[in-house]
Structures are given as structure tokens and as C-alpha cells.
>>> print(open('data-v1.cif').read())   # mmCIF, C-alpha atoms and all ligand atoms
data_work
loop_
_atom_site.label_atom_id
_atom_site.label_comp_id
_atom_site.auth_asym_id
_atom_site.auth_seq_id
_atom_site.Cartn_x
_atom_site.Cartn_y
_atom_site.Cartn_z
CA MET I 190 84.29 112.11 73.78
CA HIS I 191 80.61 111.46 74.14
CA ILE I 192 79.20 110.43 77.53
CA ASP I 193 75.86 108.70 77.50
CA LEU I 194 74.59 107.32 80.80
CA SER I 195 71.20 106.27 79.49
CA GLY I 196 70.34 102.83 80.79
CA GLN I 197 72.23 103.47 84.04
CA THR I 198 70.50 103.92 87.38
CA ILE I 199 72.65 105.87 89.83
CA LEU I 200 72.05 106.52 93.52
CA VAL I 201 73.48 109.83 94.74
CA THR I 202 73.45 110.32 98.51
CA GLY I 203 73.03 113.84 99.83
CA ALA I 204 71.69 114.94 96.46
CA SER I 205 69.30 117.52 97.90
CA ARG I 206 71.93 120.25 98.26
CA GLY I 207 75.48 121.31 97.47
CA ILE I 208 77.90 119.08 95.57
CA GLY I 209 75.55 116.08 95.50
CA ARG I 210 72.79 118.14 93.92
CA GLU I 211 75.06 119.22 91.07
CA ILE I 212 76.38 115.66 90.63
CA ALA I 213 72.80 114.37 90.37
CA ARG I 214 71.88 117.15 87.93
CA GLN I 215 74.85 116.46 85.65
CA LEU I 216 74.35 112.67 85.78
CA GLY I 217 70.71 113.23 84.83
CA ALA I 218 71.70 115.59 82.02
CA SER I 219 73.94 112.81 80.69
CA GLY I 220 70.98 110.45 80.53
CA ALA I 221 71.14 108.54 83.82
CA THR I 222 68.11 107.70 85.91
CA VAL I 223 69.00 109.30 89.23
CA ALA I 224 67.84 108.15 92.65
CA VAL I 225 68.00 111.43 94.56
CA HIS I 226 68.69 110.72 98.22
CA TYR I 227 67.98 113.29 100.94
CA ALA I 228 67.56 113.38 104.71
CA SER I 229 65.74 116.58 105.64
CA SER I 230 65.62 118.76 102.50
CA SER I 231 62.59 117.11 100.89
CA ASP I 232 61.41 120.14 98.90
CA GLU I 233 64.86 120.52 97.36
CA ALA I 234 65.01 116.81 96.52
CA VAL I 235 61.56 116.81 94.92
CA SER I 236 62.29 119.93 92.86
CA LEU I 237 65.55 118.39 91.64
CA CYS I 238 63.71 115.24 90.52
CA LYS I 239 61.32 117.43 88.52
CA GLU I 240 64.26 119.24 86.96
CA ILE I 241 66.06 116.00 86.03
CA GLY I 242 62.84 114.42 84.76
CA GLY I 243 62.60 110.87 83.44
CA ARG I 244 62.23 108.29 86.20
CA SER I 245 64.21 110.27 88.75
CA GLU I 246 62.74 109.87 92.25
CA ALA I 247 63.54 111.14 95.73
CA PHE I 248 64.42 108.69 98.54
CA ARG I 249 64.61 109.70 102.21
CA ALA I 250 67.00 108.15 104.71
CA ASP I 251 68.85 109.41 107.75
CA LEU I 252 72.31 108.01 107.13
CA SER I 253 73.20 108.23 110.83
CA ASN I 254 70.76 105.33 111.21
CA ALA I 255 72.16 101.96 110.06
CA GLU I 256 68.77 100.35 109.30
CA GLU I 257 67.55 103.35 107.29
CA THR I 258 70.81 103.36 105.35
CA ASP I 259 70.51 99.67 104.49
CA ARG I 260 66.87 100.12 103.56
CA LEU I 261 67.75 103.00 101.21
CA PHE I 262 69.61 100.65 98.86
CA ARG I 263 66.77 98.12 98.91
CA ASP I 264 64.21 100.89 98.25
CA VAL I 265 66.12 102.03 95.18
CA VAL I 266 66.46 98.47 93.84
CA GLU I 267 62.77 97.94 94.43
CA ALA I 268 61.90 101.12 92.52
CA TYR I 269 64.12 100.51 89.48
CA GLY I 270 64.98 96.82 89.47
CA ARG I 271 68.71 97.49 89.54
CA VAL I 272 71.39 99.99 90.53
CA ASP I 273 74.53 100.46 88.42
CA CYS I 274 76.43 103.00 90.46
CA VAL I 275 76.41 104.54 93.94
CA ILE I 276 77.84 107.98 94.64
CA ASN I 277 78.59 108.18 98.38
CA ASN I 278 78.42 111.94 98.70
CA ALA I 279 76.35 112.80 101.80
CA GLY I 280 78.46 114.12 104.62
CA ILE I 281 78.73 116.37 107.64
CA ALA I 282 81.57 118.45 109.06
CA VAL I 283 81.06 118.95 112.78
CA HIS I 284 83.07 121.62 114.59
CA SER I 285 84.32 119.70 117.61
CA PRO I 286 86.87 121.43 119.87
CA LEU I 287 89.29 119.26 121.81
CA GLU I 288 88.61 121.22 125.01
CA GLY I 289 85.52 120.53 127.06
CA ASP I 290 83.36 117.59 127.75
CA LEU I 291 84.49 114.11 126.61
CA ASP I 292 80.90 112.99 126.03
CA ASN I 293 80.29 115.85 123.59
CA TRP I 294 83.51 115.12 121.72
CA VAL I 295 82.71 111.40 121.50
CA SER I 296 79.17 112.15 120.35
CA ASP I 297 80.51 114.47 117.59
CA TRP I 298 83.04 111.79 116.61
CA ASP I 299 80.39 109.06 116.42
CA ARG I 300 77.93 111.19 114.44
CA THR I 301 80.63 112.21 111.96
CA LEU I 302 81.90 108.66 111.45
CA ASP I 303 78.34 107.27 111.26
CA VAL I 304 77.19 109.63 108.50
CA ASN I 305 80.42 110.02 106.54
CA THR I 306 81.95 106.56 106.81
CA ARG I 307 79.68 103.89 108.28
CA ALA I 308 76.82 104.82 105.93
CA ALA I 309 79.15 104.56 102.93
CA GLY I 310 80.24 101.18 104.32
CA ILE I 311 76.65 99.96 104.69
CA LEU I 312 75.78 101.08 101.15
CA THR I 313 78.94 99.42 99.86
CA ARG I 314 78.03 96.19 101.67
CA ALA I 315 74.53 96.32 100.15
CA ALA I 316 75.72 97.21 96.65
CA LEU I 317 78.50 94.65 96.24
CA PRO I 318 76.40 91.44 96.02
CA HIS I 319 73.88 93.29 93.83
CA PHE I 320 76.65 94.42 91.46
CA VAL I 321 78.24 90.97 91.36
CA GLU I 322 74.88 89.37 90.60
CA ASN I 323 74.22 91.90 87.82
CA GLY I 324 77.61 91.72 86.11
CA GLY I 325 79.29 94.74 87.73
CA GLY I 326 78.90 98.26 89.05
CA ARG I 327 80.71 101.36 90.23
CA LEU I 328 81.13 103.12 93.56
CA VAL I 329 82.35 106.68 93.93
CA TYR I 330 83.33 108.02 97.34
CA ILE I 331 83.35 111.78 97.86
CA ALA I 332 86.11 112.16 100.43
CA SER I 333 88.03 115.40 101.02
CA ARG I 334 91.40 117.06 100.78
CA ALA I 335 91.36 116.57 104.57
CA ALA I 336 91.91 112.83 104.04
CA PHE I 337 95.39 113.53 102.65
CA ARG I 338 96.43 116.95 103.95
CA GLY I 339 94.70 116.67 107.34
CA ASP I 340 92.39 119.28 108.88
CA SER I 341 92.45 121.57 111.89
CA GLU I 342 92.32 120.30 115.48
CA ASP I 343 88.58 121.05 115.59
CA TYR I 344 87.89 118.63 112.72
CA LEU I 345 89.84 115.50 113.66
CA ALA I 346 86.80 113.28 113.23
CA TYR I 347 86.03 114.79 109.83
CA ALA I 348 89.54 114.15 108.50
CA ALA I 349 89.56 110.62 109.95
CA SER I 350 86.17 109.85 108.45
CA LYS I 351 87.37 110.90 105.00
CA GLY I 352 90.66 109.00 105.27
CA ALA I 353 88.64 105.88 105.99
CA MET I 354 86.60 106.41 102.82
CA VAL I 355 89.78 106.39 100.76
CA SER I 356 90.95 103.07 102.20
CA MET I 357 87.46 101.60 101.79
CA ALA I 358 87.39 102.59 98.10
CA ARG I 359 90.83 101.08 97.50
CA SER I 360 89.85 97.86 99.26
CA VAL I 361 86.71 97.52 97.13
CA ALA I 362 88.71 98.21 93.97
CA ARG I 363 91.25 95.52 94.82
CA ALA I 364 88.84 92.91 96.14
CA PHE I 365 86.09 93.17 93.51
CA GLY I 366 87.84 94.26 90.31
CA LYS I 367 87.70 90.77 88.80
CA GLN I 368 83.93 90.82 89.33
CA ASN I 369 83.71 94.00 87.31
CA VAL I 370 83.15 96.32 90.28
CA LYS I 371 85.12 99.60 90.21
CA ALA I 372 85.66 102.06 93.04
CA PHE I 373 87.00 105.61 92.95
CA THR I 374 87.60 108.41 95.42
CA VAL I 375 87.15 112.09 94.61
CA ALA I 376 88.73 114.44 97.12
CA PRO I 377 87.58 118.06 96.85
CA GLY I 378 89.13 121.05 98.59
CA PHE I 379 86.92 124.00 99.57
CA VAL I 380 83.77 124.03 97.45
CA ARG I 381 81.22 126.81 97.73
CA THR I 382 78.32 125.10 99.54
CA ALA I 383 76.57 125.43 102.90
CA MET I 384 79.24 123.18 104.42
CA ALA I 385 82.08 125.51 103.43
CA GLN I 386 80.16 128.69 104.25
CA ASP I 387 81.09 128.62 107.95
CA ALA I 388 84.78 128.76 107.11
CA ILE I 389 84.21 131.40 104.44
CA ASP I 390 82.22 133.48 106.95
CA ALA I 391 84.77 132.99 109.71
CA TYR I 392 87.95 133.69 107.73
CA GLY I 393 86.65 135.59 104.70
CA GLU I 394 86.65 134.59 101.05
CA ASP I 395 90.07 136.17 100.45
CA PHE I 396 91.64 133.84 103.02
CA VAL I 397 90.19 130.78 101.27
CA LEU I 398 91.17 132.18 97.85
CA GLY I 399 94.70 132.75 99.13
CA GLY I 400 95.07 129.01 99.72
CA ILE I 401 94.31 127.95 96.16
CA ALA I 402 96.16 128.44 92.90
CA LEU I 403 93.19 129.51 90.79
CA ASP I 404 91.45 132.86 90.81
CA ARG I 405 88.00 131.84 92.06
CA LEU I 406 86.58 129.39 94.59
CA THR I 407 85.67 125.91 93.41
CA GLU I 408 81.94 125.51 92.74
CA PRO I 409 79.93 122.24 92.76
CA ALA I 410 79.85 122.49 88.95
CA ASP I 411 83.66 122.21 88.95
CA VAL I 412 83.47 118.87 90.80
CA ALA I 413 80.53 117.10 89.17
CA PRO I 414 81.97 116.43 85.66
CA THR I 415 84.68 114.18 87.13
CA ILE I 416 81.99 112.03 88.74
CA VAL I 417 80.08 111.84 85.45
CA LEU I 418 83.26 110.61 83.75
CA LEU I 419 83.92 108.01 86.47
CA ALA I 420 80.32 106.77 86.26
CA SER I 421 80.56 106.45 82.47
CA GLY I 422 83.03 103.57 82.53
CA LEU I 423 85.53 105.47 80.39
CA SER I 424 87.93 105.60 83.36
CA ASP I 425 87.52 102.07 84.64
CA HIS I 426 91.24 101.32 84.53
CA ALA I 427 91.73 104.11 87.06
CA THR I 428 89.85 101.97 89.60
CA GLY I 429 91.21 102.46 93.10
CA CYS I 430 92.46 105.96 92.33
CA SER I 431 91.72 109.13 94.24
CA ILE I 432 91.29 112.33 92.27
CA ASP I 433 92.06 115.68 93.89
CA ILE I 434 89.84 118.61 92.97
CA ASN I 435 91.33 121.31 95.13
CA ALA I 436 92.67 123.99 92.77
CA ALA I 437 96.25 122.98 93.67
CA SER I 438 95.76 123.93 97.32
CA TYR I 439 97.27 120.60 98.35
CA VAL I 440 99.25 118.55 95.89
CA HIS I 441 100.52 115.20 97.14
N1 LIG I 501 81.97 121.86 100.52
C1 LIG I 501 83.25 121.58 100.70
O1 LIG I 501 84.08 122.47 100.85
C2 LIG I 501 83.70 120.14 100.70
C3 LIG I 501 85.06 119.88 100.63
C4 LIG I 501 85.52 118.56 100.62
C5 LIG I 501 84.62 117.53 100.69
N2 LIG I 501 83.30 117.80 100.76
C6 LIG I 501 82.39 116.65 100.86
O2 LIG I 501 81.44 116.70 99.82
C7 LIG I 501 80.23 116.09 100.26
C8 LIG I 501 79.07 117.06 100.01
O3 LIG I 501 79.33 118.23 100.76
P1 LIG I 501 78.52 119.59 100.53
O4 LIG I 501 79.49 120.68 100.71
O5 LIG I 501 77.72 119.51 99.31
O6 LIG I 501 77.58 119.57 101.83
P2 LIG I 501 76.18 120.27 102.10
O7 LIG I 501 75.91 121.36 101.14
O8 LIG I 501 76.17 120.54 103.56
O9 LIG I 501 75.13 119.07 101.80
C9 LIG I 501 75.18 117.92 102.59
C10 LIG I 501 74.26 116.86 102.03
O10 LIG I 501 74.39 115.70 102.87
C11 LIG I 501 73.10 115.33 103.35
N3 LIG I 501 73.17 114.87 104.74
C12 LIG I 501 73.67 115.52 105.82
N4 LIG I 501 73.46 114.81 106.94
C13 LIG I 501 72.80 113.67 106.56
C14 LIG I 501 72.29 112.54 107.25
N5 LIG I 501 72.39 112.41 108.58
N6 LIG I 501 71.67 111.58 106.54
C15 LIG I 501 71.54 111.70 105.21
N7 LIG I 501 72.00 112.74 104.50
C16 LIG I 501 72.63 113.72 105.16
C17 LIG I 501 72.24 116.59 103.27
O11 LIG I 501 70.89 116.16 103.11
P3 LIG I 501 69.62 117.03 103.65
O12 LIG I 501 69.90 118.47 103.37
O13 LIG I 501 68.48 116.47 102.85
O14 LIG I 501 69.49 116.73 105.10
C18 LIG I 501 72.81 117.27 102.02
O15 LIG I 501 72.20 116.78 100.85
C19 LIG I 501 80.42 115.77 101.75
O16 LIG I 501 80.75 114.41 101.90
C20 LIG I 501 81.60 116.65 102.13
O17 LIG I 501 82.32 116.13 103.22
C21 LIG I 501 82.80 119.07 100.78
#
>>> encode(input="data-v1.cif", output="C-alpha cells")
Amino acid sequence: MHIDLSGQTILVTGASRGIGREIARQLGASGATVAVHYASSSDEAVSLCKEIGGRSEAFRADLSNAEETDRLFRDVVEAYGRVDCVINNAGIAVHSPLEGDLDNWVSDWDRTLDVNTRAAGILTRAALPHFVENGGGRLVYIASRAAFRGDSEDYLAYAASKGAMVSMARSVARAFGKQNVKAFTVAPGFVRTAMAQDAIDAYGEDFVLGGIALDRLTEPADVAPTIVLLASGLSDHATGCSIDINAASYVH
């Protein structure tokens, strides 16, 4: 199987670090023009664009802000003329204990849902008419094992935000399939990034390893190839699916 993404322009949110960075790198290595989105890690985003080369450019937007999120899509279209695929990867996991102040809990909830779910919704809303006008497109939603297995009591908002991404992806797949728009969810378990480091530090790597069936922790490079395949169009008849990448730590 040969994957060639040349001619495709792909927006990857949260591409400055972690899983998104590796997704962007592998999409670029397969020939795509990658719009590298970041919020605060500008140096990382710029260095990644240099590494990918071609017409890859960095785009800043705080995805907790609805206007900035909407503008991000327009900025990318303005830069390249068209977008073929959006990878909704950017996300936050906020430790939010049930005890304590309601205002704090609600603020954590809102921030988590804004960045993880509402931003993906705004980008979906912006991308759909563009895709329909241009003959089609693809959306990939990076959810989480938490969407299916659930998470701990301190991460209720995180799990809820990821569950909502799954239902959004399935809705898009069902509603827009006839207009050649495909939507997929990828649901990773623990992946060695800054986001997972807190848990690794708190419980130790052996604890995390004990929960999976393989003999080493999942790395971003173990997740990215699936997204490259989904972006290629070779899996279009899997539209609406969710793919677990969790080293058999939760099989459903
Ligand atoms: N790591 C895991 O174990 C794991 C497991 C399951 C699912 N996931 C999901 O995979 C995705 C990537 O996670 P990761 O582990 O790679 O996380 P990460 O290393 O913490 O990176 C997060 C990325 O999201 C961006 N981001 C954060 N807040 C943002 C905001 N307000 N506006 C715009 N961008 C923002 C960051 O951009 P800047 O640095 O530029 O601010 C960064 O590029 C997330 O959706 C996460 O929920 C991760």
C-alpha cells in the first residue's frame, strides 16, 4: 500500500506538541501540506514547519475562544485556497476534584468543554460548507479511551468532552456522507506526552504499564499512522467509526 497525500492540505490542531506534532510530521512526510496550529508553543510550531518543509505554515489560535477558532479555519483557507482535511487534536485534561468550590468546578468544566469539544464543533461547522463546495473532505476527531471506558472522578469533564466528540463525528458521517464528507474518531489510551506525564509521575510508569497488554507505553508515533491512513481516503468506507489505540487496556 502506498500512501501519497500530495495535493492535500490538512489542518492539524494542537500540532505544536505531543500527538498532534507527530501526526503533522507524518502527514507532511506523506506529502501533505500541513497547517500547523498552535496556541502558545510558537517556537515549537515554527520549528515543525521548517522540518516538514514545503508550504507548511504555523497558525495561532486560542481554541477556548470561539471567534479565534472560527477565524483559524478562514486563515488556513486564505493561505492555501482550500482545506481537504481537519484533524481535531488539540485538547486539555484538567484535574478537577468534585470537592470544593462550585465556581472552580464549573470553570474547569467550561474550559475543558470549550477547548476539547466546542472548538471541534466550530471547526466542523466551518469546514462542512467548504468541503461540500469543494467536492468533499475528511474530519478526524482525536477523542480518548475515556469516552468509552470513562475516567476517574477528577476528570468527569474530560471524559464527557471526549464522548461528545464521538457523537459529533458519527453525526457528521451520517449527515454528510452523500456529499463526500467522511468523519472518523481515534481514541487513544495513555500516550507518552506532557498530558500523560502527570499520571505517570503520580502513579509511576509501572502502574500505567500494568494496565496495558503490550510491553511499552504507547508513543505519539504509534498513533499517527492511523490518522495518515484515515486522511488518505483508503479507509473511507469506515466513515463514522472509532478506532481504539490503547494497547488493549480497554476493549469494548
Ligand atoms: N496523551 C494521552 O495520554 C492522551 C490519551 C488520550 C487522548 N489524548 C488526546 O490527544 C490529544 C493530544 O494530546 P497530547 O497528549 O498530545 O497533549 P499535549 O502534549 O498536552 O499537547 C496539547 C496540544 O493542544 C494544544 N492546546 C492546548 N490548549 C489549547 C488551547 N486553549 N487552544 C489551542 N490549542 C491548545 C497545545 O498547544 P500549545 O502548546 O501551542 O499551547 C498542544 O499543541 C488531546 O485531545 C488529548 O485529549 C491524549
>>> closest_atom_pairs(input="data-v1.cif", of="chain I", to="ligand LIG 501 (chain I)", cutoff="7 Å", atoms="only C-alpha atoms and all ligand atoms", output="JSON lines")
{"residue": "I:Thr202", "atom": "CA", "partner": "I:LIG501", "partner_atom": "N7", "distance": 6.6}
{"residue": "I:Gly203", "atom": "CA", "partner": "I:LIG501", "partner_atom": "O15", "distance": 3.2}
{"residue": "I:Ala204", "atom": "CA", "partner": "I:LIG501", "partner_atom": "O15", "distance": 4.8}
{"residue": "I:Ser205", "atom": "CA", "partner": "I:LIG501", "partner_atom": "O15", "distance": 4.2}
{"residue": "I:Arg206", "atom": "CA", "partner": "I:LIG501", "partner_atom": "O15", "distance": 4.3}
{"residue": "I:Gly207", "atom": "CA", "partner": "I:LIG501", "partner_atom": "O5", "distance": 3.4}
{"residue": "I:Ile208", "atom": "CA", "partner": "I:LIG501", "partner_atom": "O5", "distance": 3.8}
{"residue": "I:Gly209", "atom": "CA", "partner": "I:LIG501", "partner_atom": "O5", "distance": 5.6}
{"residue": "I:Tyr227", "atom": "CA", "partner": "I:LIG501", "partner_atom": "O13", "distance": 3.7}
{"residue": "I:Ala228", "atom": "CA", "partner": "I:LIG501", "partner_atom": "O13", "distance": 3.7}
{"residue": "I:Ser229", "atom": "CA", "partner": "I:LIG501", "partner_atom": "O14", "distance": 3.8}
{"residue": "I:Ser230", "atom": "CA", "partner": "I:LIG501", "partner_atom": "O13", "distance": 3.7}
{"residue": "I:Ser231", "atom": "CA", "partner": "I:LIG501", "partner_atom": "O13", "distance": 6.2}
{"residue": "I:Ala250", "atom": "CA", "partner": "I:LIG501", "partner_atom": "C15", "distance": 5.8}
{"residue": "I:Asp251", "atom": "CA", "partner": "I:LIG501", "partner_atom": "N6", "distance": 3.8}
{"residue": "I:Leu252", "atom": "CA", "partner": "I:LIG501", "partner_atom": "N6", "distance": 3.7}
{"residue": "I:Ser253", "atom": "CA", "partner": "I:LIG501", "partner_atom": "N5", "distance": 4.8}
{"residue": "I:Asn278", "atom": "CA", "partner": "I:LIG501", "partner_atom": "O16", "distance": 4.7}
{"residue": "I:Ala279", "atom": "CA", "partner": "I:LIG501", "partner_atom": "O10", "distance": 3.7}
{"residue": "I:Gly280", "atom": "CA", "partner": "I:LIG501", "partner_atom": "O16", "distance": 3.6}
{"residue": "I:Ile281", "atom": "CA", "partner": "I:LIG501", "partner_atom": "C12", "distance": 5.4}
{"residue": "I:Ala282", "atom": "CA", "partner": "I:LIG501", "partner_atom": "O17", "distance": 6.3}
{"residue": "I:Val304", "atom": "CA", "partner": "I:LIG501", "partner_atom": "N5", "distance": 5.5}
{"residue": "I:Asn305", "atom": "CA", "partner": "I:LIG501", "partner_atom": "O16", "distance": 6.4}
{"residue": "I:Ile331", "atom": "CA", "partner": "I:LIG501", "partner_atom": "O16", "distance": 5.5}
{"residue": "I:Ala332", "atom": "CA", "partner": "I:LIG501", "partner_atom": "C5", "distance": 5.6}
{"residue": "I:Ser333", "atom": "CA", "partner": "I:LIG501", "partner_atom": "C5", "distance": 4.0}
{"residue": "I:Arg334", "atom": "CA", "partner": "I:LIG501", "partner_atom": "C4", "distance": 6.1}
{"residue": "I:Ala376", "atom": "CA", "partner": "I:LIG501", "partner_atom": "C5", "distance": 6.3}
{"residue": "I:Pro377", "atom": "CA", "partner": "I:LIG501", "partner_atom": "C4", "distance": 4.3}
{"residue": "I:Gly378", "atom": "CA", "partner": "I:LIG501", "partner_atom": "C3", "distance": 4.7}
{"residue": "I:Phe379", "atom": "CA", "partner": "I:LIG501", "partner_atom": "O1", "distance": 3.5}
{"residue": "I:Val380", "atom": "CA", "partner": "I:LIG501", "partner_atom": "O1", "distance": 3.8}
{"residue": "I:Arg381", "atom": "CA", "partner": "I:LIG501", "partner_atom": "N1", "distance": 5.7}
{"residue": "I:Thr382", "atom": "CA", "partner": "I:LIG501", "partner_atom": "O4", "distance": 4.7}
{"residue": "I:Ala383", "atom": "CA", "partner": "I:LIG501", "partner_atom": "O7", "distance": 4.5}
{"residue": "I:Met384", "atom": "CA", "partner": "I:LIG501", "partner_atom": "O8", "distance": 4.1}
{"residue": "I:Ala385", "atom": "CA", "partner": "I:LIG501", "partner_atom": "O1", "distance": 4.5}
>>> closest_residue(input="data-v1.cif", among="I:Thr198, I:Val275, I:Ala413, I:Glu267", to="Gly243 (chain I)", atoms="only C-alpha atoms")
I:Thr198
>>> closest_residue(input="data-v1.cif", among="I:Lys371, I:His319, I:His226, I:Lys239", to="Leu423 (chain I)", atoms="all atoms listed in the file")
I:Lys371
>>> closest_residue(input="data-v1.cif", among="I:Ala315, I:Ile389, I:Ala308, I:Ala247", to="Met354 (chain I)", atoms="only C-alpha atoms")
I:Ala308
>>> atom_distance(input="data-v1.cif", atom1="CA of Arg405 (chain I)", atom2="CA of Val440 (chain I)")
17.8 Å
>>> residues_near_point(input="data-v1.cif", point="(63.2, 108.7, 91.4)", cutoff="7 Å", atoms="only C-alpha atoms", output="CSV table (one decimal) with C-alpha atoms, in the coordinates of the input")
chain,number,residue,atom,x,y,z
I,223,VAL,CA,69.0,109.3,89.2
I,224,ALA,CA,67.8,108.2,92.6
I,225,VAL,CA,68.0,111.4,94.6
I,238,CYS,CA,63.7,115.2,90.5
I,244,ARG,CA,62.2,108.3,86.2
I,245,SER,CA,64.2,110.3,88.8
I,246,GLU,CA,62.7,109.9,92.2
I,247,ALA,CA,63.5,111.1,95.7
>>> closest_residue(input="data-v1.cif", among="I:Val321, I:Leu287, I:Leu302, I:Val375", to="Ser350 (chain I)", atoms="all atoms listed in the file")
I:Leu302
>>> residues_around(input="data-v1.cif", residues="Gly217 (chain I)", least_positions_apart="3", cutoff="9 Å", atoms="all atoms listed in the file", output="VMD selection string")
chain I and resid 194 to 195 212 to 214 220 to 223 241 to 243 245
>>> residues_around(input="data-v1.cif", residues="Trp294 (chain I)", least_positions_apart="2", cutoff="12 Å", atoms="all atoms listed in the file", output="list in words")
Val283, His284, Ser285, Pro286, Leu287, Glu288, Gly289, Asp290, Leu291, Asp292, Ser296, Asp297, Trp298, Asp299, Arg300, Thr301, Glu342, Asp343, Tyr344, Leu345 and Ala346 of chain I
>>> write_last_selection(input="data-v1.cif", atoms="C-alpha atoms", output="tab-separated table (two decimals), keeping the file's coordinate frame")
chain	number	residue	atom	x	y	z
I	283	VAL	CA	81.06	118.95	112.78
I	284	HIS	CA	83.07	121.62	114.59
I	285	SER	CA	84.32	119.70	117.61
I	286	PRO	CA	86.87	121.43	119.87
I	287	LEU	CA	89.29	119.26	121.81
I	288	GLU	CA	88.61	121.22	125.01
I	289	GLY	CA	85.52	120.53	127.06
I	290	ASP	CA	83.36	117.59	127.75
I	291	LEU	CA	84.49	114.11	126.61
I	292	ASP	CA	80.90	112.99	126.03
I	296	SER	CA	79.17	112.15	120.35
I	297	ASP	CA	80.51	114.47	117.59
I	298	TRP	CA	83.04	111.79	116.61
I	299	ASP	CA	80.39	109.06	116.42
I	300	ARG	CA	77.93	111.19	114.44
I	301	THR	CA	80.63	112.21	111.96
I	342	GLU	CA	92.32	120.30	115.48
I	343	ASP	CA	88.58	121.05	115.59
I	344	TYR	CA	87.89	118.63	112.72
I	345	LEU	CA	89.84	115.50	113.66
I	346	ALA	CA	86.80	113.28	113.23
